[in-house]
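Inspection log for the structure reproduced underneath, given as structure tokens.
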Amino acid sequence: MILATSIVIALVFGSGAYLILQRDLFRVVIGIVLISNAANLFIIAAGLSSGVPPIKPIPNGATVSDPLVQAMALTAIVISFSVAVLLLSLVYRLYNSHRTIDLKDISEMELREAEALERDKPEEEKKRETEPT
Amino acid sequence: MTMLVVPILLPWMLAAVFALLDGRKSWIGWLSVVGLAVSFASVVALTFAVVQDGPVELVAGGWPEGVGISLRADALGVTFAALSMGVVLVSLAYEVIRGVRSRTFPALVLFLATGLSGLFLTGDIFNFYVFFEISMTAAYALTSYRERDYQIRAAFIFAIINLLGSVVFLISVAALYHVTGSLDMQIVAERIEDVAPNSIITIAVAVFVAFSLKLGLFSFHFWLPAVYMGSHAPVAAILSGALANIGSYGLLRFGAGILPKELALGVIPIFILGAASIIYGAVQAISRHATVEVLAYSAIGQAGYILIALAIGGTVGYGAAVVYAVVNSLNKALLFLAAGTRGPLVGAAFAIGAFSVVGVPPAAGFLGKLALFKASLTMESLPASIALVALIFIGGALSFLYVFELYGRVFLKPNETDKKNSPLAARVLVLAVGVLVLAVGVWPEPLLVLANTAGDLLSNGGI
């Protein structure tokens, strides 16, 4: 059982890591979601015990399965879910202004924009650009 | 008791309400400033209580001890909480004076403050993770403040990299729970003595990686310049002056407090990483031209000093790490705010920050460097002491080069006349931070007492 769980966690984490290294931003987000879920699986695996549900009344002498890991996993799931929403909104915002979610295209576009701005700008403006606004 | 609850609950409730309102209205901005000021005052009062009577503890929800989540304020926690709240308060006030340009800004800053005070004042490792995520998530959103394209991209990079760090940390929290059967920091620290070394070392490495990523140490730093480059001055001040404290606090709390043996095992690699961080950060900072980029690389270098102090260890070493972390946060907040402001008074404030980074008395930076020198002299082997003193000296000399080069570029420029000055109140605020940095240097006793108490606690097996 331990081996099976470890292999599953490793697989999920590995797929997530592979996706994060992609240029497509949507895949990067999915990668992060997978990795967070690998962590959630890990939490559950950290306290995996069989027993009756930890709800009172508990029958005499029965072993209770660990409720703490479930609570932790639930919290972690909610957090990773909300962060995924935030990431997707960032991706959507980038898609809106660039019409693409490929990181390579976006950087090229930004480079071109920056060059265009540099050309049109008077000297004084250029200096200001290097300082925080 | 209330002192412990107010800094967490007050900003939280205000944030929840203001998230629904339009934060561009100035009354909301000022109300958030007042709310944060009250929380800050509460943390300061808590600091006095902790210094006088020792740690303050509270189990949330009225549960018996060992069942409920415990909030615990000790010298280390309150120092970082007061520092971070102060930096966040100043940055928020600065932005409110200059005019908030996004409806969510005050609420996000309040959420960030909630997370920060929560994680510094908790005694439970999973609770630490939750508050940590609250502040990080607010920070991801804050980085994209003003919604320029490059800011959105910076926010995306920031979020992805730091989420990886958070996941690594979450996994180590679960692993700590698995090997000790508890989430309470004190119980974990006690039970960890009996755990098989190989599993603990793996956990210790994971914790180290997670916090180094937050702190932006060398070899984990790659995301930092891009993010600071994209962010607005007060946001950069918050990121560098308040959020980066999570890294130094985490390394002290988890490294020195919970995993001291494993920390001792890893001293050599930590020294190497710290030294590399100092040199790399300084050299890169010298070679850069954009103000924010120089400061970002400087932050990487300064993180190295904290790591060195951590590796030296003992009361003196941990105390030095606390002093350096505090001084460095103040410096960074001051420099980022000053670099984003224009007009008279600001140059003076920036100069104070620059002197402080270099470590010239009476600026606070001198205190940090002095504490480090003292700590390096406590090393047992003489060559190691000499090497460390030399390293700190070289780092200081290099930082002299880059901050004053920067000062020359930003403030000693001819024909400044056509630029619009920032509002007087903003400039006075920046100068006030500068005066505070001087004041800490002139009257260092309060900070030294706090750092000493924290160092003492950590080196004597407390957490």
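Starting from 1 in every chain, residues are counted up; chains themselves are A, B, ... following the order of the structure tokens, and ligands are numbered from 1 as listed.
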All alpha helix (DSSP H) positions in stretch 109-337 of chain B, as an NGL selection string: :B and (109-120 or 125-143 or 149-180 or 185-191 or 197-215 or 224-230 or 233-238 or 245-250 or 260-265 or 267-287 or 291-312 or 314-337)
Restrict the calculation to only C-alpha atoms, then for each residue of chain B with any atom at most 7 Å from an atom of chain A give the closest atom pair and their distance in Å to one decimal, rows by chain and rising residue number, as a tab-separated table.
```
residue	atom	partner	partner_atom	distance
B:Thr137	CA	A:Val83	CA	6.9
B:Asp149	CA	A:Leu94	CA	6.9
B:Ile152	CA	A:Leu90	CA	6.5
B:Phe156	CA	A:Leu90	CA	6.7
B:Val167	CA	A:Ser36	CA	6.1
B:Leu170	CA	A:Ala39	CA	6.8
B:Ile171	CA	A:Ala39	CA	5.7
B:Ala174	CA	A:Ile43	CA	5.1
B:Ala175	CA	A:Ala46	CA	6.4
B:His178	CA	A:Ala46	CA	5.0
B:His232	CA	A:Thr133	CA	5.9
B:Ala233	CA	A:Pro132	CA	5.8
B:Ala290	CA	A:Thr130	CA	4.9
B:Thr291	CA	A:Glu131	CA	5.6
B:Val292	CA	A:Pro132	CA	6.5
B:Ala339	CA	A:Pro132	CA	6.9
B:Gly340	CA	A:Pro132	CA	5.2
```
Prev. selection, C-alpha atoms, output as a compact mmCIF listing (two decimals), in the first residue's frame:
```txt
# COMPACT_ATOMS: atom_id res chain seq x y z
CA THR B 137 -1.89 34.74 -2.41
CA ASP B 149 1.19 43.55 -19.07
CA ILE B 152 0.76 40.52 -14.91
CA PHE B 156 2.45 34.89 -12.95
CA VAL B 167 3.91 22.85 -2.02
CA LEU B 170 3.24 21.70 2.70
CA ILE B 171 4.78 18.32 1.99
CA ALA B 174 2.70 16.63 6.35
CA ALA B 175 5.94 14.71 6.75
CA HIS B 178 3.73 11.83 9.99
CA HIS B 232 5.11 49.38 -8.15
CA ALA B 233 7.30 51.07 -5.45
CA ALA B 290 17.75 50.12 -13.45
CA THR B 291 17.17 51.23 -9.86
CA VAL B 292 14.75 48.45 -8.99
CA ALA B 339 13.51 55.40 -5.26
CA GLY B 340 9.87 55.69 -6.28
```
Residues near B:Val87, anyone? I mean within 7 Å using only C-alpha atoms, not counting same-chain ones fewer than 2 positions away, as a ChimeraX atom specification. /B:83-85,89-91,238,241-242,333
Coordinates-based distance that separates atom CA of B:Val173 from atom CA of A:Phe81 (Å, one decimal):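 It comes out at 19.1 Å.
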Report the residues of stretch 21-212 of chain B whose backbone DSSP state falls under strand (DSSP E), written as JSON, numbers by chain. {"B": [56, 57, 58, 59, 70, 71, 72, 73]}
Preceding selection exported with N, CA and C atoms as a CSV table (one decimal), in the first residue's frame:
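So result04.csv came out as:
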```csv
chain,number,residue,atom,x,y,z
B,56,VAL,N,3.5,34.8,25.3
B,56,VAL,CA,2.0,34.8,25.6
B,56,VAL,C,1.4,33.7,24.7
B,57,GLU,N,0.5,32.9,25.3
B,57,GLU,CA,-0.1,31.8,24.6
B,57,GLU,C,-1.6,31.9,24.7
B,58,LEU,N,-2.2,31.3,23.6
B,58,LEU,CA,-3.7,31.3,23.6
B,58,LEU,C,-4.1,30.2,22.7
B,59,VAL,N,-5.1,29.4,23.2
B,59,VAL,CA,-5.6,28.3,22.3
B,59,VAL,C,-6.9,28.8,21.7
B,70,SER,N,-3.0,26.5,18.6
B,70,SER,CA,-2.5,27.5,19.6
B,70,SER,C,-1.8,28.7,18.9
B,71,LEU,N,-2.1,29.9,19.4
B,71,LEU,CA,-1.4,31.1,19.0
B,71,LEU,C,-0.4,31.3,20.0
B,72,ARG,N,0.9,31.6,19.6
B,72,ARG,CA,1.9,31.8,20.6
B,72,ARG,C,2.8,33.0,20.1
B,73,ALA,N,3.0,33.9,21.0
B,73,ALA,CA,3.9,35.0,20.7
B,73,ALA,C,5.1,35.0,21.6
```
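Coordinates place atom CA of B:Ala354 at a distance of 16.3 Å from atom CA of B:Ala325.
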Spatial neighbours of B:Phe211, max dist 8 Å, only C-alpha atoms, sep filter under 2 positions, as a ChimeraX atom specification: /B:165,207-209,213-215,246-248,250-251
Contacts of A:Ile30 at 8 Å or less, counting only C-alpha atoms, minus same-chain residues fewer than 4 places along, as a ChimeraX atom specification? /A:16,19-20,26,34
Generate the output file for the selected residues, C-alpha atoms, as a short mmCIF file (atom, residue, chain, number, x, y, z; two decimals), in the first residue's frame.
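Wrote out.cif, looks like this:
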```
data_model
loop_
_atom_site.label_atom_id
_atom_site.label_comp_id
_atom_site.auth_asym_id
_atom_site.auth_seq_id
_atom_site.Cartn_x
_atom_site.Cartn_y
_atom_site.Cartn_z
CA GLY A 16 2.88 18.34 -12.90
CA LEU A 19 3.70 20.51 -17.48
CA ILE A 20 5.22 23.45 -15.57
CA PHE A 26 -2.47 26.99 -19.50
CA LEU A 34 -1.40 18.59 -10.35
#
```
